[in-house]
Structure formats: structure tokens, C-alpha cells
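*Asks:* Input: one structure, supplied below.
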Amino acid sequence: MEEKFNIEKMKKLVEDMSKSSTIEYEELPNLDLFLSQVIDFLNDKFQNENYTKNIVQNYIKGCVISKPEDGKKKGYTKEHVAQLLLLSYMRPVLTTEEIKKVFNLAFNEINDRSDDIISWEQAYKVFADVQKNYFENVFNEQYLSNNKLQEIIKGFKLDEKNEERILVFLVVMNLVAQASVIKNIAKKIIDEYEEN
């Protein structure tokens, strides 16, 4: 008999995702890389994306991320990889222009390291820590707790065969609702800060 799809099974999925999704700063490539190596790294990490040289070069031309080291073919550093990873996580939530505004808050002129308020290493480590913490606690949220969902499902008075389907539906809809709220809050904060 196949195991029921339940909160514990979902927690295991999230735990597995967490292990493969969060890359510690220390795990990023330490060597200077060719652009093709950076592209391979990103496409391996974000399998649903299709990074190309043009995409990365457009982010550089648009001053969203910093230029590679002057005159070096292997001019992409650990810092560039961190920038591109952060950008990759932000892409589904923010527009390119919004990402640029967010980066400018901490790094001012993107190609001038001397005016950075914090380092890319610090920014990346904070993001990775928050992401890891969220993965660990996603099912501790009030509406995603096993007890709360079981109460809701019992209130629907469903056939047992439909309870599992509705559990999955409710979890996905809850996560979409959270993502939508968080996305809207992030956009509003960026807009409000720009107005001030």
C-alpha cells in the first residue's frame, strides 16, 4: 500500500529541498571563473531557468550586477556568483528594475566596491540563513500546522479518499497566499522607499 501524502511527507520534501537549495557562501566557487562556468553553475542550481551569456551580460550592462574583473577572461569571482544567486532568487518576485533598486540600497554604485554599505558576502550569508530558517519552519506556521489543517478538513466532511487531495490543495494554496503577500509587501516597501 502506498503511503498517504501527509504533512510529515511534505515536511520531508521541504527538508530535502532545503539541503539542495541553500548553498553556504563558503561552498561557492573560490576560483575566478569564465562566464561559461558561471552559466553552467547557475543552470545546474536553477534547473527551471535557462541562463545564457546574453542574460548575464544584460544584467551587467544594466548595472544590476557588477562587471567582471577588468580585462580578465576569468573575471567572475565568488562575489559575482553570490550576486547572481541572489538575483536568481529575486527574479520570480521582483522585476529587474526593482532588483537593481534593492541592490543599490546596500551597494550604491554597483561597480564601485568602495561605496558598499555591506559586503556581498554579508548580504549572501544573511539571505542563506533566512532561507534555511524558513525551510526549517515553514510547517510551523499556524495554517500549515498538521492540527489546523486536520481541523479544516474535518469541517469539510469529506470522503476519506478526498481528504489527501484537499490537504495538498490547502497546503499549496496557503504557500501561494504567503508568497503573494510577501511579494506584494516587498514591492510596496521598494516603492515607498523610492518615494522618500
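A note on labels: chains of the C-alpha cells are A, B, ... as shown, every chain counts residues from 1, and ligands are counted from 1 in their shown order.
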Leaving out stretch 105-118 of chain A and any residue of its chain fewer than 4 positions from it, which residues lie within 7 Å of it when counting only C-alpha atoms, given as a list in words?
*Replies:*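 After dropping sequence-adjacent residues, the list is Cys63, Ile65, Ser66, Lys67, Lys101, Gln122 and Ala123 of chain A.
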*Asks:* Could you take the residues named above and write them with N, CA and C atoms, as a short mmCIF file (atom, residue, chain, number, x, y, z; two decimals), in the first residue's frame?
*Replies:*
data_model
loop_
_atom_site.label_atom_id
_atom_site.label_comp_id
_atom_site.auth_asym_id
_atom_site.auth_seq_id
_atom_site.Cartn_x
_atom_site.Cartn_y
_atom_site.Cartn_z
N CYS A 63 23.66 47.40 -15.17
CA CYS A 63 24.19 47.74 -13.84
C CYS A 63 23.36 47.13 -12.71
N ILE A 65 24.13 43.85 -11.75
CA ILE A 65 25.26 43.20 -11.07
C ILE A 65 26.55 43.86 -11.56
N SER A 66 27.63 43.62 -10.82
CA SER A 66 28.88 44.29 -11.16
C SER A 66 29.59 43.63 -12.34
N LYS A 67 30.43 44.43 -13.00
CA LYS A 67 31.22 43.96 -14.14
C LYS A 67 32.26 42.97 -13.65
N LYS A 101 17.16 48.36 -7.72
CA LYS A 101 16.90 49.30 -6.62
C LYS A 101 17.27 48.67 -5.27
N GLN A 122 28.41 39.34 3.22
CA GLN A 122 27.47 39.54 4.33
C GLN A 122 26.03 39.43 3.84
N ALA A 123 25.72 40.05 2.72
CA ALA A 123 24.35 40.01 2.17
C ALA A 123 23.94 38.58 1.85
#
*Asks:* Can you list, as a list in words, every protein, DNA or RNA residue that comes within 8 Å of stretch 167-169 of chain A when you count only C-alpha atoms, leaving out same-chain residues fewer than 5 positions away?
*Replies:*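 These residues fall inside the cut-off: Phe5, Asn6, Leu149 and Ile153 of chain A.
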*Asks:* Next, write the just-selected residues to a file, as a PDB file, in the first residue's frame, keeping C-alpha atoms as the atom set.
*Replies:*
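Result written to selection_9.pdb:
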ATOM      1  CA  PHE A   5       0.606  12.141   1.246  1.00  0.00           C
ATOM      2  CA  ASN A   6       0.512  13.971   4.569  1.00  0.00           C
ATOM      3  CA  LEU A 149      -5.260  21.584   8.584  1.00  0.00           C
ATOM      4  CA  ILE A 153     -10.506  19.239   6.521  1.00  0.00           C
TER       5      ILE A 153
END
*Asks:* Report as a ChimeraX atom specification all protein, DNA and RNA residues lying within 8 Å of stretch 33-45 of chain A, evaluated on only C-alpha atoms, omitting residues in the same chain fewer than 3 positions from it.
*Replies:* /A:21,48-53,73-77,81,84-85
*Asks:* Extract, using only C-alpha atoms, all DNA, RNA and protein residues at most 12 Å from A:Glu15, discarding same-chain residues fewer than 6 positions from it, and format them as an mmCIF file with C-alpha atoms, in the first residue's frame.
*Replies:*
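Output below, filename selection-v3.cif:
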data_model
loop_
_atom_site.group_PDB
_atom_site.id
_atom_site.type_symbol
_atom_site.label_atom_id
_atom_site.label_comp_id
_atom_site.auth_asym_id
_atom_site.auth_seq_id
_atom_site.Cartn_x
_atom_site.Cartn_y
_atom_site.Cartn_z
ATOM 1 C CA GLU A 8 5.066 14.616 7.517
ATOM 2 C CA LYS A 9 5.739 13.577 3.922
ATOM 3 C CA SER A 21 18.503 24.725 -2.300
ATOM 4 C CA THR A 22 20.613 26.574 0.225
ATOM 5 C CA LYS A 132 17.424 27.983 5.579
ATOM 6 C CA ASN A 133 15.406 29.106 8.630
ATOM 7 C CA TYR A 134 12.260 29.462 6.527
ATOM 8 C CA PHE A 135 12.668 25.972 5.097
ATOM 9 C CA GLU A 136 13.062 24.601 8.635
ATOM 10 C CA ASN A 137 9.979 26.407 9.947
ATOM 11 C CA VAL A 138 7.560 26.557 7.011
ATOM 12 C CA PHE A 139 5.243 23.955 8.513
#
*Asks:* Per DSSP on the backbone, filter stretch 52-157 of chain A down to the residues in alpha helix (DSSP H) and report them as number ranges by chain.
*Replies:* A: 53-61, 78-90, 96-107, 120-137, 146-156
